Amino acid sequence: MAVTTGKGQTMWGGRFAATPTDIMEEINASLDIDRRMAAEDIAGSRAHADMLAEMGIISEADNEAIQGGLDTVAEELRNGSFPFRRELEDIHMNVEARLKELIGEPAGRLHTARSRNDQVVTDFRLWTRGALDEAMQLVAGLQSALVGRAGENTETVMPGFTHLQTAQPVTLGHHLLAYAEMLERDRSRLLDCAERLNECPLGSAALAGTGFPIDRDMTAEALGFARPMANSLDAVSARDFALEALAALSIAATHLSRLAEEIVLWTSAQFGFAQLTDAWSTGSSIMPQKRNPDAAELIRAKASLITGLYSSLQGAVKALPLAYAKDLQDDKRLTFEAFDTYNLCVRAMTGMIETINFKPENMRAAAAKGFSTATDLADWLVRELGLPFRDAHHVTGQLVAKAEEKACDLSDLTLADMQSVNAKITDAVFDVLTVEASASSRTSYGATSPVRVAEQVAQWKQRLRLE
Ligand code: ARG
C-alpha cells in the first residue's frame, strides 16, 4: 500500500513514483509500537504550535485551529475512535494526517521548524520520564510491603547464610530490610536517570537546527523540561537516556530476581520457611501436592530478559554515526517492553511479599542447626576468658568437632565436654549459645538484633511516609 496522506500524495512529496511494497511497510511501520506515545506527541505538538504563534511564525488563527484540532484528536484517541492507519508509518504522521482531515490547511503549518527526528525523541523522553515515575512509585510500594513485613518480624530468628551454608542467626526483619535498601538504590538510579533525561530536544529539527526564529526555552518549559538540549546533532540522536533507564531497570530487576530466588528456596519442602498463598501459587497437573512459586520463577527469568533488552539497545546505538538513523526506531519497542516487564515483576513481588506466610518455628529450628552460634562461643571465650580470637577460634573448632562426633548441637554439649577442651569454661557459656541470644547480641549499627531492626523499621516508615 502506498504511504499517503489520504489524498494520494506521499508524505515525502512527489519524488517517489513507486509505492512501497507491503514488506517495506511491514519493516518500516512503527505505529503498533509508538501509538503508546500519542499523548506525548500531542503535548509536543501543542507546545510547538504555541511557540510558533508566539514567535509570529504561524498566525494566532492557525494556532487556534491546530489546538482545537488536537483537542479532537485527543478525544478520538481517548474514546477509541481515532482512525489509526498503518500505511502512515508512525504515530507522528497519523496524528498530523488526522489533523489535516479535521482542520485542513493550518495542519500543514504545524511541522514548520520541526522534523520527526526531534519530534520522536521529544515524545520518547516525555514517555520515559512518565514511565520512570511510575516505576519509582511501584518500587516504593514494594519497599512499603517489605518494611511492613519486617516490622512484624523484628524478632523472628532465621539462619543467615554465606555460601548458602548456615553462618549465623539473623532476624527475618533484618533480611527483608536488606531488600528495602537495595530497592532504595534502584529508586535513586531511576531518579538520577529521570533528572538527567529532562532536557528538551524539540527545535533541533532534522539535525542542524532551523533558520526560523524559534524559542526553544519556551517549548522546553511548556513540556516541563529543565532546559533545551544544547547541541541539535546530539539532541536528535542521543539515546543514552533510554540506555540508562534500561541499565537501571536491569539492575533493579536483578534485585527482584534475588528475592525471587529466596522465595523459591524458602517455599520448598526442604527449607519450609514460608508458604505462598493460593493466589500466588500454581498447582501441578499431575502432582496434587504441588504449590509452585511460578511468579517468583518468572521474575527470576524476566530479570535476564530485561538485561537482554538493555544489551539489544546498546547494540543498536553503539556504531551509529551522528545523527539520526532508522535503527533508532526500535529503541521504543525495547524500552516499552523493559518497563512493562519490570513493572509487572514489581507488582507480582509486592503481592507475594504482602501475603506470604512465614513459618517462624521452622526458621528458628533451622537457625539452630549447623552450629550457627559457633562464633558466639568464640566471642565468649575472648570476652570472658581473655583468649586471643585466633585461639578462641581453634578451641571452638574442637568443640564443634566434638558436637559433630556426638551428633548434637553446641548447646547440647555438657559442661564436662566443654571443659575437656578448655578447663576454664563455665556454665555461663550456655547463655550465648541460643539463637535468640546470638541475634540479640549483634547490636552494632546496621546489625541484626531486634532492637536495631526495630529502629530501622521506624526510620523506613518515616522515609516512606507509612505512618
Ligand atoms: N518513527 C520514526 C522513529 O521512531 C520517527 C522518525 C523518523 N525520521 C526519519 N528521518 N525517517 O524513529
# chains A, B, ... in the order shown; residues from 1 in each chain; ligands from 1
>>> residues_around(residues="Leu164 (chain A)", least_positions_apart="2", cutoff="12 Å", atoms="only C-alpha atoms", output="PDB file with all heavy atoms, in the first residue's frame")
ATOM      1  N   PRO A 159      18.154 -18.653  59.996  1.00  0.00           N
ATOM      2  CA  PRO A 159      19.586 -18.780  59.736  1.00  0.00           C
ATOM      3  C   PRO A 159      20.027 -17.714  58.722  1.00  0.00           C
ATOM      4  O   PRO A 159      19.331 -17.481  57.740  1.00  0.00           O
ATOM      5  CB  PRO A 159      19.732 -20.180  59.118  1.00  0.00           C
ATOM      6  CG  PRO A 159      18.369 -20.620  58.734  1.00  0.00           C
ATOM      7  CD  PRO A 159      17.364 -19.750  59.413  1.00  0.00           C
ATOM      8  N   GLY A 160      21.148 -17.092  58.997  1.00  0.00           N
ATOM      9  CA  GLY A 160      21.771 -16.253  57.983  1.00  0.00           C
ATOM     10  C   GLY A 160      22.777 -17.134  57.260  1.00  0.00           C
ATOM     11  O   GLY A 160      23.393 -18.006  57.876  1.00  0.00           O
ATOM     12  N   PHE A 161      22.911 -16.926  55.965  1.00  0.00           N
ATOM     13  CA  PHE A 161      23.780 -17.811  55.175  1.00  0.00           C
ATOM     14  C   PHE A 161      24.951 -17.059  54.572  1.00  0.00           C
ATOM     15  O   PHE A 161      24.824 -15.885  54.221  1.00  0.00           O
ATOM     16  CB  PHE A 161      22.996 -18.432  54.013  1.00  0.00           C
ATOM     17  CG  PHE A 161      21.813 -19.262  54.442  1.00  0.00           C
ATOM     18  CD1 PHE A 161      20.533 -18.716  54.480  1.00  0.00           C
ATOM     19  CD2 PHE A 161      21.987 -20.587  54.800  1.00  0.00           C
ATOM     20  CE1 PHE A 161      19.444 -19.475  54.867  1.00  0.00           C
ATOM     21  CE2 PHE A 161      20.895 -21.362  55.183  1.00  0.00           C
ATOM     22  CZ  PHE A 161      19.627 -20.804  55.216  1.00  0.00           C
ATOM     23  N   THR A 162      26.073 -17.751  54.438  1.00  0.00           N
ATOM     24  CA  THR A 162      27.068 -17.361  53.442  1.00  0.00           C
ATOM     25  C   THR A 162      27.352 -18.652  52.677  1.00  0.00           C
ATOM     26  O   THR A 162      27.319 -19.739  53.264  1.00  0.00           O
ATOM     27  CB  THR A 162      28.367 -16.823  54.077  1.00  0.00           C
ATOM     28  OG1 THR A 162      28.931 -17.845  54.896  1.00  0.00           O
ATOM     29  CG2 THR A 162      28.111 -15.592  54.937  1.00  0.00           C
ATOM     30  N   THR A 166      24.780 -22.461  56.549  1.00  0.00           N
ATOM     31  CA  THR A 166      24.410 -21.742  57.763  1.00  0.00           C
ATOM     32  C   THR A 166      25.615 -20.983  58.304  1.00  0.00           C
ATOM     33  O   THR A 166      26.692 -21.551  58.478  1.00  0.00           O
ATOM     34  CB  THR A 166      23.911 -22.736  58.832  1.00  0.00           C
ATOM     35  OG1 THR A 166      22.810 -23.434  58.278  1.00  0.00           O
ATOM     36  CG2 THR A 166      23.499 -22.016  60.103  1.00  0.00           C
ATOM     37  N   ALA A 167      25.410 -19.705  58.568  1.00  0.00           N
ATOM     38  CA  ALA A 167      26.519 -18.886  59.065  1.00  0.00           C
ATOM     39  C   ALA A 167      26.246 -18.437  60.490  1.00  0.00           C
ATOM     40  O   ALA A 167      26.828 -18.959  61.432  1.00  0.00           O
ATOM     41  CB  ALA A 167      26.730 -17.693  58.143  1.00  0.00           C
ATOM     42  N   GLN A 168      25.321 -17.498  60.657  1.00  0.00           N
ATOM     43  CA  GLN A 168      24.956 -17.008  61.987  1.00  0.00           C
ATOM     44  C   GLN A 168      23.463 -16.722  61.991  1.00  0.00           C
ATOM     45  O   GLN A 168      22.903 -16.398  60.943  1.00  0.00           O
ATOM     46  CB  GLN A 168      25.720 -15.710  62.304  1.00  0.00           C
ATOM     47  CG  GLN A 168      27.219 -15.923  62.439  1.00  0.00           C
ATOM     48  CD  GLN A 168      28.002 -14.615  62.516  1.00  0.00           C
ATOM     49  OE1 GLN A 168      27.456 -13.531  62.291  1.00  0.00           O
ATOM     50  NE2 GLN A 168      29.275 -14.731  62.816  1.00  0.00           N
ATOM     51  N   GLU A 262      15.044 -16.371  46.663  1.00  0.00           N
ATOM     52  CA  GLU A 262      14.856 -16.696  48.081  1.00  0.00           C
ATOM     53  C   GLU A 262      13.460 -17.297  48.292  1.00  0.00           C
ATOM     54  O   GLU A 262      13.292 -18.252  49.044  1.00  0.00           O
ATOM     55  CB  GLU A 262      14.995 -15.444  48.952  1.00  0.00           C
ATOM     56  CG  GLU A 262      16.269 -14.660  48.688  1.00  0.00           C
ATOM     57  CD  GLU A 262      17.201 -14.588  49.871  1.00  0.00           C
ATOM     58  OE1 GLU A 262      17.308 -15.583  50.615  1.00  0.00           O
ATOM     59  OE2 GLU A 262      17.823 -13.521  50.036  1.00  0.00           O
ATOM     60  N   LEU A 265      13.448 -20.825  47.211  1.00  0.00           N
ATOM     61  CA  LEU A 265      14.107 -21.683  48.213  1.00  0.00           C
ATOM     62  C   LEU A 265      13.245 -21.824  49.468  1.00  0.00           C
ATOM     63  O   LEU A 265      13.020 -22.935  49.954  1.00  0.00           O
ATOM     64  CB  LEU A 265      15.458 -21.078  48.620  1.00  0.00           C
ATOM     65  CG  LEU A 265      16.609 -21.168  47.624  1.00  0.00           C
ATOM     66  CD1 LEU A 265      17.793 -20.342  48.125  1.00  0.00           C
ATOM     67  CD2 LEU A 265      17.042 -22.618  47.413  1.00  0.00           C
ATOM     68  N   PHE A 271      13.369 -26.343  52.792  1.00  0.00           N
ATOM     69  CA  PHE A 271      13.535 -25.176  53.670  1.00  0.00           C
ATOM     70  C   PHE A 271      12.328 -25.036  54.595  1.00  0.00           C
ATOM     71  O   PHE A 271      12.475 -24.933  55.801  1.00  0.00           O
ATOM     72  CB  PHE A 271      13.691 -23.897  52.836  1.00  0.00           C
ATOM     73  CG  PHE A 271      15.115 -23.567  52.491  1.00  0.00           C
ATOM     74  CD1 PHE A 271      15.788 -24.244  51.486  1.00  0.00           C
ATOM     75  CD2 PHE A 271      15.799 -22.577  53.192  1.00  0.00           C
ATOM     76  CE1 PHE A 271      17.089 -23.939  51.163  1.00  0.00           C
ATOM     77  CE2 PHE A 271      17.108 -22.259  52.875  1.00  0.00           C
ATOM     78  CZ  PHE A 271      17.762 -22.947  51.855  1.00  0.00           C
ATOM     79  N   GLY A 370      23.489 -26.473  62.240  1.00  0.00           N
ATOM     80  CA  GLY A 370      24.701 -26.067  61.526  1.00  0.00           C
ATOM     81  C   GLY A 370      25.671 -25.279  62.397  1.00  0.00           C
ATOM     82  O   GLY A 370      26.478 -24.513  61.876  1.00  0.00           O
TER      83      GLY A 370
END
>>> residues_around(residues="region 170-187 of chain A", least_positions_apart="5", cutoff="8 Å", atoms="only C-alpha atoms", output="PyMOL selection string")
chain A and resi 136+139-140+143+146-147+149-160+248-249+251-252+255+259+439+447-450+453+457
>>> atom_distance(atom1="CA of Ala338 (chain A)", atom2="CA of Ile306 (chain A)")
5.4 Å
>>> residues_near_ligand(ligand="ligand 1", cutoff="6 Å", atoms="only C-alpha atoms and all ligand atoms", output="PyMOL selection string")
chain A and resi 30+90+116-117+120+326+328-329
>>> write_last_selection(atoms="N, CA, C and O atoms", output="PDB file, in the first residue's frame")
ATOM      1  N   SER A  30       6.086   1.733  12.465  1.00  0.00           N
ATOM      2  CA  SER A  30       6.317   1.565  13.906  1.00  0.00           C
ATOM      3  C   SER A  30       5.051   1.873  14.691  1.00  0.00           C
ATOM      4  O   SER A  30       5.061   1.895  15.911  1.00  0.00           O
ATOM      5  N   ASP A  90       3.907   5.929  11.399  1.00  0.00           N
ATOM      6  CA  ASP A  90       4.085   6.069  12.851  1.00  0.00           C
ATOM      7  C   ASP A  90       3.032   6.998  13.447  1.00  0.00           C
ATOM      8  O   ASP A  90       2.188   7.562  12.735  1.00  0.00           O
ATOM      9  N   ARG A 116      10.517  14.974  12.182  1.00  0.00           N
ATOM     10  CA  ARG A 116      10.148  13.832  13.024  1.00  0.00           C
ATOM     11  C   ARG A 116      11.320  13.413  13.909  1.00  0.00           C
ATOM     12  O   ARG A 116      11.131  12.759  14.924  1.00  0.00           O
ATOM     13  N   ASN A 117      12.519  13.809  13.504  1.00  0.00           N
ATOM     14  CA  ASN A 117      13.673  13.394  14.304  1.00  0.00           C
ATOM     15  C   ASN A 117      13.687  14.035  15.698  1.00  0.00           C
ATOM     16  O   ASN A 117      13.983  13.372  16.690  1.00  0.00           O
ATOM     17  N   VAL A 120      10.122  12.800  17.495  1.00  0.00           N
ATOM     18  CA  VAL A 120      10.036  11.462  18.078  1.00  0.00           C
ATOM     19  C   VAL A 120      10.803  11.379  19.396  1.00  0.00           C
ATOM     20  O   VAL A 120      10.341  10.788  20.374  1.00  0.00           O
ATOM     21  N   LYS A 326      17.495   5.213  11.141  1.00  0.00           N
ATOM     22  CA  LYS A 326      16.252   4.488  11.441  1.00  0.00           C
ATOM     23  C   LYS A 326      16.459   3.368  12.443  1.00  0.00           C
ATOM     24  O   LYS A 326      15.495   2.890  13.056  1.00  0.00           O
ATOM     25  N   LEU A 328      17.265   3.712  15.148  1.00  0.00           N
ATOM     26  CA  LEU A 328      16.789   4.242  16.431  1.00  0.00           C
ATOM     27  C   LEU A 328      15.284   4.048  16.626  1.00  0.00           C
ATOM     28  O   LEU A 328      14.773   4.236  17.721  1.00  0.00           O
ATOM     29  N   GLN A 329      14.578   3.680  15.566  1.00  0.00           N
ATOM     30  CA  GLN A 329      13.136   3.485  15.717  1.00  0.00           C
ATOM     31  C   GLN A 329      12.797   2.344  16.692  1.00  0.00           C
ATOM     32  O   GLN A 329      11.786   2.388  17.384  1.00  0.00           O
TER      33      GLN A 329
END
>>> select_by_dssp(residues="region 40-244 of chain A", states="strand (DSSP E or B)", output="PyMOL selection string")
chain A and resi 157-162+165-171+199-200+227-228
>>> residues_around(residues="Ala39 (chain A)", least_positions_apart="6", cutoff="9 Å", atoms="only C-alpha atoms", output="NGL selection string")
:A and (74 or 77 or 123 or 127)
>>> write_last_selection(atoms="N, CA and C atoms", output="PDB file, in the first residue's frame")
ATOM      1  N   ALA A  74      -7.198  14.197  20.433  1.00  0.00           N
ATOM      2  CA  ALA A  74      -7.020  13.633  21.783  1.00  0.00           C
ATOM      3  C   ALA A  74      -8.289  12.909  22.221  1.00  0.00           C
ATOM      4  N   LEU A  77      -8.634   9.679  20.442  1.00  0.00           N
ATOM      5  CA  LEU A  77      -7.711   8.669  20.995  1.00  0.00           C
ATOM      6  C   LEU A  77      -8.278   8.111  22.296  1.00  0.00           C
ATOM      7  N   ASP A 123       8.940  13.115  22.198  1.00  0.00           N
ATOM      8  CA  ASP A 123       7.872  12.240  22.696  1.00  0.00           C
ATOM      9  C   ASP A 123       8.448  11.130  23.584  1.00  0.00           C
ATOM     10  N   TRP A 127       7.720  10.228  27.377  1.00  0.00           N
ATOM     11  CA  TRP A 127       7.165   8.923  27.762  1.00  0.00           C
ATOM     12  C   TRP A 127       8.045   8.263  28.830  1.00  0.00           C
TER      13      TRP A 127
END
>>> closest_residue(among="A:Ser237, A:Gly386, A:Glu337, A:Ala47", to="Leu320 (chain A)", atoms="only C-alpha atoms")
A:Ser237
>>> closest_residue(among="A:Tyr324, A:Trp280, A:Phe371, A:Phe336", to="Met349 (chain A)", atoms="only C-alpha atoms")
A:Trp280
>>> select_by_dssp(residues="region 219-392 of chain A", states="helix (DSSP H, G or I)", output="ChimeraX atom specification")
/A:219-222,232-237,240-266,278-280,294-317,326-355,360-368,374-385,389-392
>>> residues_around(residues="Ala145 (chain A)", least_positions_apart="3", cutoff="8 Å", atoms="only C-alpha atoms", output="VMD selection string")
chain A and resid 141 to 142 148 to 149 350 353 to 354
>>> write_last_selection(atoms="N, CA and C atoms", output="PDB file, in the first residue's frame")
ATOM      1  N   GLY A 141       6.170   1.085  46.613  1.00  0.00           N
ATOM      2  CA  GLY A 141       5.122   0.190  47.108  1.00  0.00           C
ATOM      3  C   GLY A 141       5.694  -1.131  47.595  1.00  0.00           C
ATOM      4  N   LEU A 142       6.650  -1.655  46.859  1.00  0.00           N
ATOM      5  CA  LEU A 142       7.283  -2.909  47.288  1.00  0.00           C
ATOM      6  C   LEU A 142       8.113  -2.681  48.560  1.00  0.00           C
ATOM      7  N   GLY A 148       6.744  -3.359  56.044  1.00  0.00           N
ATOM      8  CA  GLY A 148       5.620  -3.845  56.842  1.00  0.00           C
ATOM      9  C   GLY A 148       5.892  -5.237  57.395  1.00  0.00           C
ATOM     10  N   ARG A 149       6.354  -6.128  56.535  1.00  0.00           N
ATOM     11  CA  ARG A 149       6.633  -7.482  56.982  1.00  0.00           C
ATOM     12  C   ARG A 149       7.846  -7.519  57.913  1.00  0.00           C
ATOM     13  N   THR A 350       5.367  -7.506  44.976  1.00  0.00           N
ATOM     14  CA  THR A 350       4.667  -6.809  46.066  1.00  0.00           C
ATOM     15  C   THR A 350       3.525  -7.687  46.585  1.00  0.00           C
ATOM     16  N   ILE A 353       5.030 -10.593  48.626  1.00  0.00           N
ATOM     17  CA  ILE A 353       5.591 -10.178  49.926  1.00  0.00           C
ATOM     18  C   ILE A 353       4.474  -9.805  50.910  1.00  0.00           C
ATOM     19  N   GLU A 354       3.453  -9.124  50.394  1.00  0.00           N
ATOM     20  CA  GLU A 354       2.361  -8.718  51.294  1.00  0.00           C
ATOM     21  C   GLU A 354       1.650  -9.913  51.914  1.00  0.00           C
TER      22      GLU A 354
END
>>> atom_distance(atom1="CA of Ser250 (chain A)", atom2="CA of Thr307 (chain A)")
5.0 Å
>>> residues_around(residues="Ala325 (chain A)", least_positions_apart="5", cutoff="12 Å", atoms="only C-alpha atoms", output="number ranges by chain")
A: 116-117, 206-207, 233, 236-239, 316-317, 319-320, 330-331
>>> write_last_selection(atoms="N, CA and C atoms", output="JSON list (two decimals), in the first residue's frame")
[["chain", "number", "residue", "atom", "x", "y", "z"],
["A", 116, "ARG", "N", 10.52, 14.97, 12.18],
["A", 116, "ARG", "CA", 10.15, 13.83, 13.02],
["A", 116, "ARG", "C", 11.32, 13.41, 13.91],
["A", 117, "ASN", "N", 12.52, 13.81, 13.50],
["A", 117, "ASN", "CA", 13.67, 13.39, 14.30],
["A", 117, "ASN", "C", 13.69, 14.04, 15.70],
["A", 206, "ALA", "N", 15.72, 18.46, 11.96],
["A", 206, "ALA", "CA", 16.21, 17.16, 11.47],
["A", 206, "ALA", "C", 17.55, 16.79, 12.11],
["A", 207, "LEU", "N", 18.43, 17.75, 12.20],
["A", 207, "LEU", "CA", 19.74, 17.53, 12.85],
["A", 207, "LEU", "C", 20.51, 18.81, 13.09],
["A", 233, "LEU", "N", 22.63, 18.09, 16.99],
["A", 233, "LEU", "CA", 23.05, 16.76, 16.50],
["A", 233, "LEU", "C", 22.91, 15.73, 17.62],
["A", 236, "VAL", "N", 18.97, 14.97, 18.57],
["A", 236, "VAL", "CA", 18.15, 14.05, 17.78],
["A", 236, "VAL", "C", 18.68, 12.61, 17.81],
["A", 237, "SER", "N", 19.94, 12.43, 18.18],
["A", 237, "SER", "CA", 20.49, 11.08, 18.08],
["A", 237, "SER", "C", 20.85, 10.44, 19.41],
["A", 238, "ALA", "N", 20.85, 11.20, 20.47],
["A", 238, "ALA", "CA", 21.22, 10.63, 21.77],
["A", 238, "ALA", "C", 20.14, 9.68, 22.26],
["A", 239, "ARG", "N", 20.54, 8.51, 22.68],
["A", 239, "ARG", "CA", 19.60, 7.57, 23.31],
["A", 239, "ARG", "C", 20.15, 7.05, 24.63],
["A", 316, "ALA", "N", 22.22, -1.52, 19.18],
["A", 316, "ALA", "CA", 21.65, -0.70, 18.10],
["A", 316, "ALA", "C", 22.31, 0.67, 18.04],
["A", 317, "VAL", "N", 22.78, 1.16, 19.16],
["A", 317, "VAL", "CA", 23.29, 2.53, 19.22],
["A", 317, "VAL", "C", 24.80, 2.61, 19.01],
["A", 319, "ALA", "N", 27.24, 1.73, 17.12],
["A", 319, "ALA", "CA", 28.03, 2.03, 15.93],
["A", 319, "ALA", "C", 27.32, 3.02, 15.01],
["A", 320, "LEU", "N", 26.41, 3.82, 15.57],
["A", 320, "LEU", "CA", 25.69, 4.77, 14.72],
["A", 320, "LEU", "C", 26.46, 6.08, 14.61],
["A", 330, "ASP", "N", 13.67, 1.34, 16.73],
["A", 330, "ASP", "CA", 13.38, 0.18, 17.59],
["A", 330, "ASP", "C", 13.68, 0.42, 19.07],
["A", 331, "ASP", "N", 14.24, 1.59, 19.37],
["A", 331, "ASP", "CA", 14.52, 1.92, 20.78],
["A", 331, "ASP", "C", 13.27, 1.85, 21.64]]
>>> residues_around(residues="region 411-418 of chain A", least_positions_apart="4", cutoff="7 Å", atoms="only C-alpha atoms", output="PDB file with N, CA and C atoms, in the first residue's frame")
ATOM      1  N   LEU A 399      35.405 -27.862  69.764  1.00  0.00           N
ATOM      2  CA  LEU A 399      34.089 -28.144  70.357  1.00  0.00           C
ATOM      3  C   LEU A 399      33.065 -28.524  69.274  1.00  0.00           C
ATOM      4  N   ALA A 403      30.883 -31.904  69.029  1.00  0.00           N
ATOM      5  CA  ALA A 403      29.424 -31.953  68.838  1.00  0.00           C
ATOM      6  C   ALA A 403      29.074 -32.803  67.616  1.00  0.00           C
ATOM      7  N   ASN A 422      38.678 -26.827  77.141  1.00  0.00           N
ATOM      8  CA  ASN A 422      39.292 -25.730  77.893  1.00  0.00           C
ATOM      9  C   ASN A 422      38.702 -25.712  79.293  1.00  0.00           C
ATOM     10  N   ILE A 425      36.249 -22.966  80.968  1.00  0.00           N
ATOM     11  CA  ILE A 425      34.877 -22.677  80.523  1.00  0.00           C
ATOM     12  C   ILE A 425      33.899 -22.932  81.667  1.00  0.00           C
ATOM     13  N   ASP A 427      29.599 -22.583  83.154  1.00  0.00           N
ATOM     14  CA  ASP A 427      28.185 -22.729  82.805  1.00  0.00           C
ATOM     15  C   ASP A 427      27.621 -21.564  82.007  1.00  0.00           C
ATOM     16  N   PHE A 430      26.602 -21.286  78.208  1.00  0.00           N
ATOM     17  CA  PHE A 430      25.377 -21.755  77.551  1.00  0.00           C
ATOM     18  C   PHE A 430      24.411 -20.608  77.227  1.00  0.00           C
ATOM     19  N   LEU A 433      24.665 -19.460  73.651  1.00  0.00           N
ATOM     20  CA  LEU A 433      24.557 -20.448  72.579  1.00  0.00           C
ATOM     21  C   LEU A 433      23.165 -20.569  71.951  1.00  0.00           C
TER      22      LEU A 433
END
>>> atom_distance(atom1="CA of Leu466 (chain A)", atom2="CA of Leu344 (chain A)")
22.9 Å
>>> closest_residue(among="A:His163, A:His393, A:Ser144, A:Arg291", to="Leu464 (chain A)", atoms="only C-alpha atoms")
A:Ser144
